[in-house]
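query-v1.pdb follows; it contains PDB, C-alpha atoms.
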```
ATOM      1  CA  MET Y1344     127.938 -34.952 215.819  1.00  0.00           C
ATOM      2  CA  GLY Y1345     125.868 -37.329 213.735  1.00  0.00           C
ATOM      3  CA  THR Y1346     122.576 -36.466 215.443  1.00  0.00           C
ATOM      4  CA  PRO Y1347     119.416 -34.963 213.983  1.00  0.00           C
ATOM      5  CA  TYR Y1348     118.531 -31.313 214.504  1.00  0.00           C
ATOM      6  CA  ASP Y1349     116.999 -31.017 217.978  1.00  0.00           C
ATOM      7  CA  TYR Y1350     114.162 -28.512 218.238  1.00  0.00           C
ATOM      8  CA  THR Y1351     113.594 -29.556 221.879  1.00  0.00           C
ATOM      9  CA  SER Y1352     117.157 -28.934 223.058  1.00  0.00           C
ATOM     10  CA  VAL Y1353     117.559 -26.805 226.179  1.00  0.00           C
ATOM     11  CA  MET Y1354     119.879 -24.728 223.996  1.00  0.00           C
ATOM     12  CA  HIS Y1355     117.133 -23.889 221.485  1.00  0.00           C
ATOM     13  CA  TYR Y1356     115.345 -20.553 221.756  1.00  0.00           C
ATOM     14  CA  SER Y1357     111.588 -20.548 222.228  1.00  0.00           C
ATOM     15  CA  ARG Y1358     109.215 -19.634 219.430  1.00  0.00           C
ATOM     16  CA  THR Y1359     108.567 -16.138 220.890  1.00  0.00           C
ATOM     17  CA  VAL Y1360     112.084 -15.117 221.884  1.00  0.00           C
ATOM     18  CA  PHE Y1361     113.042 -11.541 220.962  1.00  0.00           C
ATOM     19  CA  THR Y1362     109.423 -10.562 220.291  1.00  0.00           C
ATOM     20  CA  THR Y1363     108.247  -7.029 220.941  1.00  0.00           C
ATOM     21  CA  VAL Y1364     104.594  -8.105 220.775  1.00  0.00           C
ATOM     22  CA  TYR Y1365     103.571 -10.519 223.561  1.00  0.00           C
ATOM     23  CA  GLY Y1366     102.964 -14.005 222.166  1.00  0.00           C
ATOM     24  CA  LYS Y1367     104.019 -13.239 218.605  1.00  0.00           C
ATOM     25  CA  ALA Y1368     106.322 -15.842 217.094  1.00  0.00           C
ATOM     26  CA  THR Y1369     109.739 -14.671 215.967  1.00  0.00           C
ATOM     27  CA  LEU Y1370     111.059 -18.138 215.086  1.00  0.00           C
ATOM     28  CA  THR Y1371     109.277 -20.567 212.782  1.00  0.00           C
ATOM     29  CA  PRO Y1372     110.724 -24.050 212.254  1.00  0.00           C
ATOM     30  CA  ILE Y1373     111.240 -25.212 208.664  1.00  0.00           C
ATOM     31  CA  PRO Y1374     109.926 -27.447 207.123  1.00  0.00           C
ATOM     32  CA  ASP Y1375     107.302 -28.100 209.860  1.00  0.00           C
ATOM     33  CA  PRO Y1376     106.115 -24.820 211.409  1.00  0.00           C
ATOM     34  CA  ASP Y1377     104.032 -26.726 213.987  1.00  0.00           C
ATOM     35  CA  VAL Y1378     106.873 -28.706 215.586  1.00  0.00           C
ATOM     36  CA  PRO Y1379     107.403 -27.764 219.263  1.00  0.00           C
ATOM     37  CA  ILE Y1380     110.635 -25.820 219.820  1.00  0.00           C
ATOM     38  CA  GLY Y1381     112.613 -24.818 222.878  1.00  0.00           C
ATOM     39  CA  GLN Y1382     111.901 -25.878 226.440  1.00  0.00           C
ATOM     40  CA  ILE Y1383     113.261 -25.422 229.962  1.00  0.00           C
ATOM     41  CA  GLN Y1384     112.265 -28.742 231.534  1.00  0.00           C
ATOM     42  CA  GLY Y1385     115.672 -30.380 231.219  1.00  0.00           C
ATOM     43  CA  LEU Y1386     118.031 -32.013 228.760  1.00  0.00           C
ATOM     44  CA  SER Y1387     116.423 -33.622 225.740  1.00  0.00           C
ATOM     45  CA  PRO Y1388     117.425 -37.175 224.776  1.00  0.00           C
ATOM     46  CA  THR Y1389     119.511 -35.705 221.937  1.00  0.00           C
ATOM     47  CA  ASP Y1390     121.193 -33.251 224.347  1.00  0.00           C
ATOM     48  CA  ILE Y1391     122.234 -36.226 226.480  1.00  0.00           C
ATOM     49  CA  LEU Y1392     123.461 -38.201 223.463  1.00  0.00           C
ATOM     50  CA  ARG Y1393     125.553 -35.245 222.278  1.00  0.00           C
ATOM     51  CA  ILE Y1394     127.109 -34.788 225.727  1.00  0.00           C
ATOM     52  CA  LYS Y1395     128.005 -38.478 225.839  1.00  0.00           C
ATOM     53  CA  LYS Y1396     129.595 -38.238 222.384  1.00  0.00           C
ATOM     54  CA  LEU Y1397     131.468 -35.057 223.275  1.00  0.00           C
ATOM     55  CA  TYR Y1398     132.996 -36.614 226.391  1.00  0.00           C
ATOM     56  CA  GLU Y1399     133.386 -40.034 224.731  1.00  0.00           C
ATOM     57  CA  CYS Y1400     131.140 -41.709 227.285  1.00  0.00           C
ATOM     58  CA  CYS Y1401     129.451 -45.040 227.028  1.00  0.00           C
ATOM     59  CA  GLU Y1402     125.720 -45.252 226.353  1.00  0.00           C
ATOM     60  CA  TYR Y1403     124.640 -46.663 229.701  1.00  0.00           C
ATOM     61  CA  THR Y1404     124.759 -45.994 233.405  1.00  0.00           C
ATOM     62  CA  LEU Y1405     126.853 -48.816 234.798  1.00  0.00           C
ATOM     63  CA  HIS Y1406     126.861 -50.795 238.022  1.00  0.00           C
ATOM     64  CA  SER Y1407     130.289 -50.430 239.662  1.00  0.00           C
ATOM     65  CA  ALA Y1408     131.186 -54.129 239.187  1.00  0.00           C
ATOM     66  CA  LEU Y1409     130.323 -53.967 235.495  1.00  0.00           C
ATOM     67  CA  LEU Y1410     132.212 -50.697 235.134  1.00  0.00           C
ATOM     68  CA  PHE Y1411     135.311 -52.366 236.579  1.00  0.00           C
ATOM     69  CA  SER Y1412     134.989 -55.194 234.025  1.00  0.00           C
ATOM     70  CA  LEU Y1413     134.467 -52.824 231.101  1.00  0.00           C
ATOM     71  CA  THR Y1414     137.368 -50.648 232.204  1.00  0.00           C
ATOM     72  CA  ALA Y1415     139.605 -53.731 232.309  1.00  0.00           C
ATOM     73  CA  LEU Y1416     138.474 -54.561 228.760  1.00  0.00           C
ATOM     74  CA  GLY Y1417     138.980 -50.977 227.607  1.00  0.00           C
ATOM     75  CA  THR Y1418     135.316 -50.460 226.659  1.00  0.00           C
ATOM     76  CA  ALA Y1419     134.187 -47.956 229.292  1.00  0.00           C
ATOM     77  CA  CYS Y1420     134.323 -44.195 228.746  1.00  0.00           C
ATOM     78  CA  LYS Y1421     137.692 -42.952 227.528  1.00  0.00           C
ATOM     79  CA  THR Y1422     137.802 -40.386 230.331  1.00  0.00           C
ATOM     80  CA  PRO Y1423     137.225 -42.433 233.519  1.00  0.00           C
ATOM     81  CA  GLU Y1424     135.869 -39.556 235.597  1.00  0.00           C
ATOM     82  CA  TYR Y1425     132.957 -39.294 233.130  1.00  0.00           C
ATOM     83  CA  ASN Y1426     131.740 -42.847 233.784  1.00  0.00           C
ATOM     84  CA  MET Y1427     128.365 -42.918 235.511  1.00  0.00           C
ATOM     85  CA  VAL Y1428     128.217 -45.542 238.217  1.00  0.00           C
ATOM     86  CA  THR Y1429     125.190 -46.840 240.079  1.00  0.00           C
ATOM     87  CA  THR Y1430     125.283 -48.404 243.509  1.00  0.00           C
ATOM     88  CA  PRO Y1431     123.628 -51.759 244.285  1.00  0.00           C
ATOM     89  CA  GLU Y1432     120.052 -51.521 245.520  1.00  0.00           C
TER      90      GLU Y1432
END
```

Show the structure stored in the file as structure tokens.
Amino acid sequence: MGTPYDYTSVMHYSRTVFTTVYGKATLTPIPDPDVPIGQIQGLSPTDILRIKKLYECCEYTLHSALLFSLTALGTACKTPEYNMVTTPE
């Protein structure tokens, strides 16, 4: 999808997954064995970018008036129900 490998993706296993010895690493990232891998806190920035690319969404959360303008110009998400719209504060 044109994005770098994402060690922090919610889809990435943790370093100790499948271990039979508590705390022993079963996965070691290459080329940097010290890079953090796996997490369960939420989507990583690359996860979000890949989702937006997959669903052909725009890069930004849009105010409804701006979304209307972009839709009229044909530059909003290709699948309208995937547009994210904010409400005025």

Exercise. Excluding same-chain residues fewer than 4 positions from His1355 (chain Y), what lies within 8 Å of it counting only C-alpha atoms, as a list in words?
Worked result: Asp1349, Tyr1350, Thr1351, Ile1380, Gly1381 and Gln1382 of chain Y

For this session: Quote the spacing between CA of Leu1392 (chain Y) and CA of Thr1346 (chain Y) in Å to one decimal place.
Result: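 Between CA of Leu1392 (chain Y) and CA of Thr1346 (chain Y) the gap is 8.3 Å.
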
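The coordinates place CA of Ser1357 (chain Y) at 15.1 Å from CA of Asp1375 (chain Y).
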
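Here CA of Pro1388 (chain Y) stands at a distance of 21.5 Å from CA of Pro1374 (chain Y).
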
Problem set entry | Among listed residues Y:Met1344, Y:Tyr1356, Y:Leu1386, Y:Tyr1398, nearest Ala1368 (chain Y) (using all atoms listed in the file) |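 Smallest distance to Ala1368 (chain Y) is found for Y:Tyr1356.
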
For this session: Pick out the closest residue to Val1378 (chain Y) from this set: Y:Gly1345, Y:Val1353, Y:Arg1358, Y:Asp1390. Count only C-alpha atoms.
Result: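 Answer, going by the shortest atom-to-atom distance: Y:Arg1358.
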
Around all the atoms of region 1390-1401 of chain Y listed in the file, with 6 Å of room on each side, what axis-aligned box do you get, giving centre and edge lengths in Å to one decimal, as lines of an AutoDock Vina configuration file?
```
center_x = 127.3
center_y = -39.1
center_z = 224.8
size_x = 24.2
size_y = 23.8
size_z = 17.0
```
